[in-house]
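Engineer: So here's input33.tsv (TSV, C-alpha atoms).
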```tsv
chain	number	residue	atom	x	y	z
O	1	MET	CA	0.00	0.00	0.00
O	2	THR	CA	2.92	2.38	0.52
O	3	ALA	CA	3.34	2.61	-3.26
O	4	THR	CA	-0.16	4.01	-3.65
O	5	ARG	CA	0.84	7.10	-1.72
O	6	THR	CA	2.66	8.48	-4.75
O	7	LEU	CA	0.81	8.75	-7.99
O	8	VAL	CA	2.85	9.15	-11.20
O	9	ILE	CA	1.47	9.79	-14.66
O	10	GLU	CA	3.94	10.17	-17.49
O	11	LYS	CA	3.36	10.81	-21.16
O	12	GLU	CA	5.45	11.83	-24.13
O	13	LEU	CA	3.79	14.67	-26.01
O	14	PRO	CA	4.70	15.90	-29.50
O	15	HIS	CA	5.09	19.51	-28.37
O	16	PRO	CA	8.09	21.53	-27.14
O	17	PRO	CA	8.49	22.11	-23.36
O	18	GLU	CA	7.95	25.87	-23.79
O	19	LYS	CA	4.48	25.30	-25.18
O	20	ILE	CA	3.48	22.81	-22.52
O	21	TRP	CA	4.84	25.19	-19.88
O	22	ARG	CA	2.40	27.84	-21.08
O	23	ALA	CA	-0.50	25.40	-20.79
O	24	LEU	CA	0.62	24.59	-17.23
O	25	THR	CA	1.21	28.16	-16.03
O	26	GLN	CA	-1.12	30.57	-17.83
O	27	GLY	CA	-4.34	30.79	-15.85
O	28	ALA	CA	-6.66	30.97	-18.87
O	29	LEU	CA	-5.04	27.94	-20.52
O	30	LEU	CA	-4.90	26.05	-17.24
O	31	LYS	CA	-8.63	26.62	-16.84
O	32	GLU	CA	-9.28	25.01	-20.22
O	33	TRP	CA	-7.84	21.63	-19.34
O	34	LEU	CA	-7.64	21.50	-15.53
O	35	MET	CA	-9.87	23.80	-13.51
O	36	ASP	CA	-10.81	27.42	-12.98
O	37	ASN	CA	-8.02	29.05	-10.96
O	38	ASP	CA	-6.20	32.19	-9.87
O	39	PHE	CA	-2.80	30.63	-10.38
O	40	GLN	CA	0.32	32.73	-10.92
O	41	PRO	CA	3.78	31.24	-11.54
O	42	ILE	CA	5.28	32.92	-8.47
O	43	VAL	CA	6.79	30.87	-5.65
O	44	GLY	CA	4.73	31.34	-2.49
O	45	HIS	CA	1.61	32.49	-4.35
O	46	LYS	CA	-1.52	31.12	-2.70
O	47	PHE	CA	-4.35	30.24	-5.05
O	48	SER	CA	-7.24	27.89	-5.51
O	49	PHE	CA	-8.59	25.56	-8.14
O	50	ARG	CA	-12.36	25.58	-8.41
O	51	ALA	CA	-14.49	22.78	-9.75
O	52	ALA	CA	-18.29	22.57	-9.70
O	53	PRO	CA	-19.34	21.97	-6.07
O	54	ASN	CA	-21.43	18.97	-5.07
O	55	PRO	CA	-23.34	18.27	-1.83
O	56	ASN	CA	-20.28	16.60	-0.29
O	57	TRP	CA	-17.52	18.82	-1.58
O	58	SER	CA	-17.08	22.57	-1.96
O	59	GLY	CA	-15.19	21.98	-5.21
O	60	VAL	CA	-12.30	24.12	-3.94
O	61	ILE	CA	-8.70	22.93	-3.91
O	62	GLU	CA	-6.41	25.17	-1.86
O	63	SER	CA	-2.94	25.47	-3.31
O	64	GLN	CA	0.35	27.28	-2.96
O	65	VAL	CA	3.11	27.51	-5.54
O	66	LEU	CA	6.24	25.71	-4.34
O	67	VAL	CA	8.63	25.50	-7.30
O	68	VAL	CA	8.81	27.43	-10.56
O	69	GLU	CA	11.69	26.54	-12.89
O	70	PRO	CA	10.51	27.71	-16.31
O	71	ASN	CA	10.06	24.97	-18.90
O	72	THR	CA	11.42	22.36	-16.47
O	73	THR	CA	9.65	22.01	-13.09
O	74	LEU	CA	6.45	23.31	-11.56
O	75	SER	CA	5.17	22.30	-8.16
O	76	TYR	CA	2.25	23.31	-5.97
O	77	SER	CA	0.48	22.01	-2.92
O	78	TRP	CA	-2.95	20.48	-3.45
O	79	GLY	CA	-5.30	20.47	-0.48
O	80	ALA	CA	-8.83	19.14	-0.46
O	81	VAL	CA	-11.09	17.78	2.31
O	82	GLY	CA	-8.29	18.02	4.85
O	83	LEU	CA	-5.93	16.01	2.72
O	84	GLY	CA	-2.73	17.79	1.77
O	85	THR	CA	-0.72	16.52	-1.19
O	86	VAL	CA	1.96	17.98	-3.45
O	87	VAL	CA	1.82	17.99	-7.23
O	88	VAL	CA	5.08	18.17	-9.22
O	89	TRP	CA	5.20	18.65	-12.97
O	90	THR	CA	8.45	17.80	-14.73
O	91	LEU	CA	9.18	18.56	-18.39
O	92	VAL	CA	12.04	16.84	-20.20
O	93	ALA	CA	12.76	17.66	-23.84
O	94	THR	CA	12.99	14.56	-26.03
O	95	GLY	CA	13.84	14.23	-29.73
O	96	GLY	CA	10.27	14.66	-30.88
O	97	GLY	CA	8.73	16.63	-28.05
O	98	THR	CA	8.51	16.50	-24.29
O	99	LEU	CA	8.23	13.84	-21.66
O	100	LEU	CA	5.65	15.27	-19.26
O	101	ARG	CA	5.52	13.76	-15.80
O	102	MET	CA	2.98	14.46	-13.05
O	103	GLU	CA	3.71	13.23	-9.58
O	104	GLN	CA	1.26	13.64	-6.72
O	105	SER	CA	2.61	12.63	-3.38
O	106	GLY	CA	2.86	13.16	0.33
O	107	PHE	CA	0.22	13.67	2.93
O	108	GLY	CA	1.25	16.78	4.78
O	109	PRO	CA	0.26	17.62	8.32
O	110	ASP	CA	-3.09	19.25	8.87
O	111	GLN	CA	-3.47	22.67	10.42
O	112	GLY	CA	-6.25	21.13	12.44
O	113	ARG	CA	-7.37	21.07	16.01
O	114	ASN	CA	-5.85	18.89	18.65
O	115	TYR	CA	-7.41	16.00	20.43
O	116	GLY	CA	-5.93	15.09	23.78
O	117	GLY	CA	-2.87	17.16	22.87
O	118	ALA	CA	-2.05	15.08	19.82
O	119	ARG	CA	-2.18	16.41	16.31
O	120	ILE	CA	-3.35	13.65	14.01
O	121	GLY	CA	-2.15	14.31	10.51
O	122	TRP	CA	-3.19	12.29	7.52
O	123	GLN	CA	0.28	10.86	7.13
O	124	ARG	CA	0.32	9.30	10.56
O	125	PHE	CA	-3.29	8.29	10.19
O	126	LEU	CA	-2.63	6.45	6.93
O	127	THR	CA	0.48	4.80	8.31
O	128	ASN	CA	-1.52	3.48	11.23
O	129	LEU	CA	-4.27	2.49	8.87
O	130	GLU	CA	-1.90	0.37	6.81
O	131	GLN	CA	-0.84	-1.47	9.94
O	132	LEU	CA	-4.44	-1.94	10.96
O	133	LEU	CA	-5.52	-3.26	7.58
O	134	ALA	CA	-2.53	-5.58	7.39
O	135	ARG	CA	-3.83	-7.15	10.60
O	136	THR	CA	-7.50	-7.37	9.64
O	137	GLN	CA	-7.30	-8.58	6.05
C	1	MET	CA	-22.71	-1.29	5.80
C	2	GLN	CA	-22.03	0.25	2.42
C	3	THR	CA	-20.26	3.59	2.83
C	4	SER	CA	-20.21	6.25	0.17
C	5	PRO	CA	-16.69	7.59	-0.37
C	6	ASP	CA	-17.92	11.17	-0.07
C	7	LEU	CA	-19.44	10.49	3.31
C	8	LEU	CA	-16.28	8.73	4.42
C	9	PHE	CA	-13.99	11.56	3.38
C	10	LYS	CA	-16.24	14.16	4.91
C	11	SER	CA	-16.25	12.18	8.11
C	12	LEU	CA	-12.46	11.81	8.19
C	13	ALA	CA	-11.71	15.34	7.02
C	14	ASP	CA	-11.92	16.47	10.64
C	15	PRO	CA	-8.70	15.84	12.62
C	16	THR	CA	-10.59	15.37	15.89
C	17	ARG	CA	-12.71	12.64	14.34
C	18	ARG	CA	-9.63	10.99	12.90
C	19	ALA	CA	-8.11	11.05	16.37
C	20	ILE	CA	-11.22	9.54	17.95
C	21	TYR	CA	-11.34	6.89	15.27
C	22	GLU	CA	-7.67	6.12	15.72
C	23	ARG	CA	-8.19	5.79	19.44
C	24	LEU	CA	-10.98	3.27	18.87
C	25	CYS	CA	-8.72	1.32	16.51
C	26	ARG	CA	-5.90	1.32	19.03
C	27	ASN	CA	-7.79	0.72	22.26
C	28	GLY	CA	-10.78	-1.31	21.15
C	29	GLU	CA	-14.28	-0.75	22.41
C	30	GLN	CA	-14.80	2.48	24.38
C	31	THR	CA	-17.66	4.39	25.98
C	32	VAL	CA	-18.14	8.08	25.31
C	33	TRP	CA	-16.86	8.78	28.83
C	34	MET	CA	-13.65	6.87	28.21
C	35	LEU	CA	-13.17	8.85	25.00
C	36	THR	CA	-13.79	12.16	26.77
C	37	ASP	CA	-11.47	11.36	29.65
C	38	ASP	CA	-8.09	13.17	29.60
C	39	THR	CA	-9.07	15.41	26.69
C	40	ASP	CA	-10.22	19.01	26.59
C	41	ILE	CA	-13.23	18.12	24.46
C	42	SER	CA	-16.71	18.07	26.00
C	43	GLN	CA	-18.81	14.94	26.13
C	44	PRO	CA	-21.50	16.40	23.81
C	45	ALA	CA	-18.79	17.24	21.26
C	46	VAL	CA	-17.36	13.70	21.39
C	47	SER	CA	-20.90	12.29	21.07
C	48	LYS	CA	-21.52	14.44	18.01
C	49	HIS	CA	-18.29	13.23	16.39
C	50	LEU	CA	-19.25	9.63	17.18
C	51	ARG	CA	-22.65	10.12	15.54
C	52	ILE	CA	-20.96	11.33	12.35
C	53	LEU	CA	-18.45	8.46	12.43
C	54	LYS	CA	-21.30	6.01	12.94
C	55	HIS	CA	-23.33	7.54	10.12
C	56	SER	CA	-20.42	7.06	7.72
C	57	GLY	CA	-20.05	3.44	8.82
C	58	LEU	CA	-16.63	3.90	10.41
C	59	VAL	CA	-17.86	3.20	13.91
C	60	ARG	CA	-20.48	0.82	15.27
C	61	ASP	CA	-22.16	0.96	18.64
C	62	ARG	CA	-23.48	-1.59	21.11
C	63	ARG	CA	-25.96	-0.87	23.91
C	64	ASP	CA	-25.22	-2.47	27.23
C	65	GLY	CA	-27.75	-1.36	29.83
C	66	ARG	CA	-27.47	2.40	30.10
C	67	GLU	CA	-24.10	2.54	28.39
C	68	THR	CA	-23.24	2.64	24.72
C	69	HIS	CA	-19.95	1.10	23.66
C	70	TYR	CA	-18.28	2.25	20.46
C	71	SER	CA	-15.82	0.34	18.32
C	72	ALA	CA	-14.07	0.85	14.97
C	73	GLU	CA	-15.28	-0.82	11.80
C	74	PRO	CA	-12.08	-1.10	9.73
C	75	LYS	CA	-13.78	-2.68	6.70
C	76	SER	CA	-15.44	0.68	6.02
C	77	LEU	CA	-12.08	2.16	5.14
C	78	ALA	CA	-11.90	0.43	1.77
C	79	PRO	CA	-12.88	3.57	-0.20
C	80	LEU	CA	-9.96	5.41	1.35
C	81	ILE	CA	-7.61	2.76	0.03
C	82	ASP	CA	-9.08	3.40	-3.41
C	83	TRP	CA	-8.48	7.12	-3.07
C	84	MET	CA	-5.30	7.21	-5.09
C	85	SER	CA	-6.75	5.10	-7.86
C	86	LEU	CA	-9.62	7.60	-8.10
C	87	TYR	CA	-7.08	10.37	-8.43
C	88	ALA	CA	-5.28	8.42	-11.14
C	89	ALA	CA	-8.48	8.44	-13.21
C	90	PHE	CA	-8.88	12.16	-12.52
C	91	TRP	CA	-5.38	12.99	-13.82
C	92	ARG	CA	-5.64	10.73	-16.87
C	93	GLU	CA	-8.74	12.59	-17.95
C	94	LYS	CA	-6.94	15.91	-17.41
C	95	PHE	CA	-3.95	14.70	-19.44
C	96	ASP	CA	-6.31	13.96	-22.35
C	97	ARG	CA	-7.77	17.45	-22.08
C	98	LEU	CA	-4.28	18.96	-21.96
C	99	GLU	CA	-3.37	17.11	-25.16
C	100	ASP	CA	-6.49	18.43	-26.88
C	101	LEU	CA	-5.60	21.95	-25.78
C	102	LEU	CA	-1.99	21.63	-27.02
C	103	LYS	CA	-3.26	20.63	-30.46
C	104	ARG	CA	-5.36	23.78	-30.58
C	105	MET	CA	-2.61	26.13	-29.33
C	106	ASP	CA	-0.12	28.00	-31.51
C	107	GLN	CA	3.51	27.05	-31.19
```
Just give me the structure as structure tokens.

Structural biologist:
Amino acid sequence: MTATRTLVIEKELPHPPEKIWRALTQGALLKEWLMDNDFQPIVGHKFSFRAAPNPNWSGVIESQVLVVEPNTTLSYSWGAVGLGTVVVWTLVATGGGTLLRMEQSGFGPDQGRNYGGARIGWQRFLTNLEQLLARTQ
Amino acid sequence: MQTSPDLLFKSLADPTRRAIYERLCRNGEQTVWMLTDDTDISQPAVSKHLRILKHSGLVRDRRDGRETHYSAEPKSLAPLIDWMSLYAAFWREKFDRLEDLLKRMDQ
């Protein structure tokens, strides 16, 4: 189960990195294929992605830009329903285009309330969960 | 009990509820008083969290006289285990849309 905590999707695209970079970092283009957003390619910029809400989810993903290396690496946090992950985009020029890689990983600590003095983050929770399921299955 | 993933995530999105649930997993069956003991959370608040956990199928209860005993239902966690595979489908669809957009964009 540990492997499922990092999600990797990789695809070679017949387009130069510069063009893909624009699709990843220009708000209007980003909206076309991902979600409505107020993204800016500035490290530290806090923004949100907005999808159509449903009765169980506000549709809002809270994010912050972590890494901006033009045409090479883009990273932002991705927080929804108390679950904090990090998304990293990597662009590698190949002969005919670009190898685009998306990696979503990590369950960061919550900024949540305490219970009995202990802060229960998702990471610890999932680690304990793995142990629990290993015992019950 | 069949749990909807949305209900499950909503239920576990709260760190206090995760902590209560974890405590039930670790210590086995507990009463609301045992769960309130040595915390700064009121008994009505713990009861409310337990109701939500029970509603989402994560916790089951057992009446014994005037006391209700709560315990964890680990089988209900299955949707959480599927969480990453759901996200994989999400990103694959977005990759397809990105490819469509790239075809339409100027160099």

Engineer: Show me, as a PyMOL selection string, every residue of chain C with an atom at most 9 Å from chain O, counting all atoms listed in the file.

Structural biologist: chain C and resi 6-7+9-10+12-20+22+25-26+36-41+74-75+77+81-85+87-88+91-92+94-103+105-107

Engineer: For range 48-50 of chain C, find every residue with an atom within 9 Å (counting all atoms listed in the file), except residues of its own chain fewer than 3 positions away, and show them as a list in words.

Structural biologist: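 Using all atoms listed in the file, the neighbours found are Ser11, Thr16, Arg17, Ile20, Tyr21, Val32, Gln43, Pro44, Ala45, Leu53, Lys54, His55, Val59 and Tyr70 of chain C.
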
Engineer: Just want the 8 Å neighbourhood of range 71-77 of chain O, counted on only C-alpha atoms, with same-chain residues fewer than 5 positions away dropped. Output as a list of chain:residue names.

Structural biologist: O:Pro17, O:Glu18, O:Ile20, O:Trp21, O:Glu62, O:Ser63, O:Gln64, O:Val65, O:Leu66, O:Gly84, O:Thr85, O:Val86, O:Val87, O:Val88, O:Trp89, O:Thr90, O:Leu91, O:Val92

Engineer: Between CA of Glu67 in chain C and CA of Gln30 in chain C, what is the distance in Å, rounded to a tenth?

Structural biologist: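 Going from CA of Glu67 in chain C over to CA of Gln30 in chain C covers 10.1 Å.
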
Engineer: Which one of C:Ile52, C:Leu24, C:Val46, C:Leu58 sits closest to Ser71 in chain C if you count only C-alpha atoms?

Structural biologist: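 Closest to Ser71 in chain C, using only C-alpha atoms: C:Leu24.
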
Engineer: State, in Å with one decimal place, the distance from CA of Ile61 in chain O to CA of Asp38 in chain O.

Structural biologist: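 Going from CA of Ile61 in chain O over to CA of Asp38 in chain O covers 11.3 Å.
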
Engineer: In Å, how far is it from CA of Leu8 in chain C to CA of Arg23 in chain C?

Structural biologist: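 One can read the CA of Leu8 in chain C to CA of Arg23 in chain C distance as 17.3 Å.
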
Engineer: Rank O:Thr98, O:Pro70, O:Ala93, O:Asp36 by their smallest atom-to-atom distance to Phe49 in chain O, using only C-alpha atoms, and report the top residue only.

Structural biologist: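 With only C-alpha atoms as the atom set, the closest residue is O:Asp36.
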